[in-house]
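Written below as structure tokens is the structure these notes are about.
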Amino acid sequence: MYYWGGGLYPGMASPFLFSIYVGIAVIALAIGGAFARPRGGRLVLIIVFFSSLLAVGGHTPLYHWLYDAGVATSIRYPEKFILMAVFALIIFASQMLDRMLDGDDDVRSGAIGFAAASTLVAAGIAISAFTPLYPRLFILLGKISDLSSIRKAWALTAGASLTYPLLLSRTDWVFASLRGLILIALLLMVRKRRRRVWLAAAALFVTIDLVFVTYELNPREPRRFFDPPRAAAALPQNRQDFRIFHEADWYGTEKPAQQYFSTREAVYWV
């Protein structure tokens with residue numbers, strides 16, 4: 001329930017998609033491959049641009065024109081259109097991995113260059129996170145000396161502590177630095193190890209990289225959460241004729257619903 005851009009979604013405090021991160025290896029290979037000017041690269045670029053344009057929704061005149069024309073009146077959560085770009089980048093990065101393993105030094109050099117640049121930036125921010133200046137640099141928008149902008153971005157109340165959001169951010173930048181260093185090492189050793197050994201190491205790296213993201217995003221409950229409660233045994237067996245909890249009736253219109261949806265982790269009981 002802690003999201004750095006929650007303040008941009010008034011009333012919801014969360015986006016439709018919390019993350020489109022597919023791993024730094026995919027991004028590094030895709031950007032590195034772009035410098036090699038491979039076949040199909042322009043098509044991928046067009047898909048990414050078109051997908052991003054649709055995903056930003058009403059922040060450009062495009063959706064206003066489509067809505068007035070009666071085309072986009074039934075589209076909810078335009079953020080989902082970014083998945084076209086994500087899919088195209090995964091396919092493109094896979095092709096670039098193939099080329100790199102076959103000896104394409106242009107792809108490898110481009111991927112190393114991006115990994116090194118992004119790691120340098122992440123390391124700089126991670127180091128600054130251990131200084132007193134970090135809370136003021138935590139968000140670039142707003143006044144540097146005004147921490148209210150941070151609270152607004154995280155959808156926190158005026159008196160809420162910034163300790164936990166700052167700790168989350170600092171931890172993520174430290175991990176970003178570490179995974180960047182590991183990726184650079186993998187790319188440098190691609191020719192010095194047997195292909196099966198290198199692929200196994202790369203697969204392990206991608207898995208660990210994505211596990212941290214999915215762990216933060218996916219709520220978890222104990223096994224007993226899925227067992228029917230004892231009270232359910234007293235209900236009629238034909239469950240099609242009634243409903244105990246009508247979620248649709250609750251969305252923001254009733255006082256109990258407003259209290260329920262403000263209890264953070266308890267939201268997941270839906």
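Ordering of the structure tokens sets the chain letters (A, B, ...), residue numbers begin anew at 1 in every chain, and ligands are numbered from 1 in the order given.
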Contacts of segment 21-32 of chain A at 7 Å or less, counting only C-alpha atoms, minus same-chain residues fewer than 3 places along, as a ChimeraX atom specification? /A:35,89-90,92-93,96-97,107-111,114-115,183,206,209-210
Step one, run DSSP on the backbone; step two, keep only residues of segment 5-227 of chain A assigned to alpha helix (DSSP H); then write them as a PyMOL selection string. chain A and resi 24-35+41-55+61-68+82-101+105-128+134-137+148-153+163-188+195-217
Residue with smallest distance to Ile208 of chain A - pool A:Val190, A:Phe175, A:Ile184, A:Phe49, counting only C-alpha atoms: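 Smallest distance to Ile208 of chain A is found for A:Phe175.
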Of the candidates A:Thr119, A:Tyr215, A:Pro165, A:Met100, which one gets nearest to Gly5 of chain A if we count only C-alpha atoms?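 Comparing A:Thr119, A:Tyr215, A:Pro165, A:Met100 against Gly5 of chain A, the winner is A:Pro165.
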Taking 3 positions as the minimum chain separation for residues in the same chain, which residues sit within 12 Å of Leu199 of chain A when counting only C-alpha atoms? Answer as an NGL selection string. :A and (97-98 or 101 or 186-187 or 189-191 or 193-196 or 202-206)
Residue neighbourhood Leu62 of chain A, 12 Å, only C-alpha atoms, exclusion window fewer than 4 positions, as a ChimeraX atom specification: /A:50,52-58,66-69,71-72,78
Restricting it to N, CA and C atoms, dump the selection as an mmCIF file, in the first residue's frame.
```cif
data_model
loop_
_atom_site.group_PDB
_atom_site.id
_atom_site.type_symbol
_atom_site.label_atom_id
_atom_site.label_comp_id
_atom_site.auth_asym_id
_atom_site.auth_seq_id
_atom_site.Cartn_x
_atom_site.Cartn_y
_atom_site.Cartn_z
ATOM 1 N N PHE A 50 3.969 4.136 -29.791
ATOM 2 C CA PHE A 50 2.511 4.082 -29.905
ATOM 3 C C PHE A 50 1.888 3.584 -28.599
ATOM 4 N N SER A 52 3.173 3.759 -25.563
ATOM 5 C CA SER A 52 3.339 4.779 -24.519
ATOM 6 C C SER A 52 2.357 5.922 -24.707
ATOM 7 N N LEU A 53 2.128 6.300 -25.958
ATOM 8 C CA LEU A 53 1.187 7.385 -26.237
ATOM 9 C C LEU A 53 -0.216 7.015 -25.772
ATOM 10 N N LEU A 54 -0.625 5.772 -26.000
ATOM 11 C CA LEU A 54 -1.940 5.337 -25.542
ATOM 12 C C LEU A 54 -1.985 5.215 -24.023
ATOM 13 N N ALA A 55 -0.858 4.794 -23.424
ATOM 14 C CA ALA A 55 -0.842 4.513 -21.989
ATOM 15 C C ALA A 55 -0.952 5.772 -21.135
ATOM 16 N N VAL A 56 -0.512 6.924 -21.641
ATOM 17 C CA VAL A 56 -0.567 8.134 -20.825
ATOM 18 C C VAL A 56 -1.977 8.713 -20.765
ATOM 19 N N GLY A 57 -2.892 8.133 -21.523
ATOM 20 C CA GLY A 57 -4.311 8.483 -21.394
ATOM 21 C C GLY A 57 -4.616 9.936 -21.674
ATOM 22 N N GLY A 58 -5.385 10.545 -20.783
ATOM 23 C CA GLY A 58 -5.857 11.902 -20.978
ATOM 24 C C GLY A 58 -4.819 12.980 -20.793
ATOM 25 N N LEU A 66 -10.375 11.123 -29.334
ATOM 26 C CA LEU A 66 -11.030 9.818 -29.498
ATOM 27 C C LEU A 66 -12.344 9.752 -28.725
ATOM 28 N N TYR A 67 -12.352 10.363 -27.541
ATOM 29 C CA TYR A 67 -13.579 10.359 -26.738
ATOM 30 C C TYR A 67 -14.664 11.172 -27.429
ATOM 31 N N ASP A 68 -14.324 12.356 -27.934
ATOM 32 C CA ASP A 68 -15.310 13.187 -28.624
ATOM 33 C C ASP A 68 -15.828 12.513 -29.890
ATOM 34 N N ALA A 69 -14.984 11.665 -30.497
ATOM 35 C CA ALA A 69 -15.397 10.954 -31.706
ATOM 36 C C ALA A 69 -16.192 9.693 -31.396
ATOM 37 N N VAL A 71 -15.014 7.004 -29.918
ATOM 38 C CA VAL A 71 -14.194 5.795 -30.064
ATOM 39 C C VAL A 71 -13.721 5.274 -28.706
ATOM 40 N N ALA A 72 -13.349 6.180 -27.798
ATOM 41 C CA ALA A 72 -12.725 5.780 -26.532
ATOM 42 C C ALA A 72 -13.657 5.905 -25.340
ATOM 43 N N PRO A 78 -6.235 3.295 -19.258
ATOM 44 C CA PRO A 78 -5.381 3.240 -20.449
ATOM 45 C C PRO A 78 -3.958 2.786 -20.158
#
```
Point-to-point distance from atom CA of Ser19 of chain A to atom CA of His64 of chain A, Å rounded to tenths: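 Taking atom CA of Ser19 of chain A and atom CA of His64 of chain A, their separation equals 25.7 Å.
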Fewer than 4 positions away in the same chain doesn't count, so skip those; otherwise give me all residues within 7 Å of Ile125 of chain A, counting only C-alpha atoms, as a list of chain:residue names. A:Val121, A:Ala129, A:Trp173
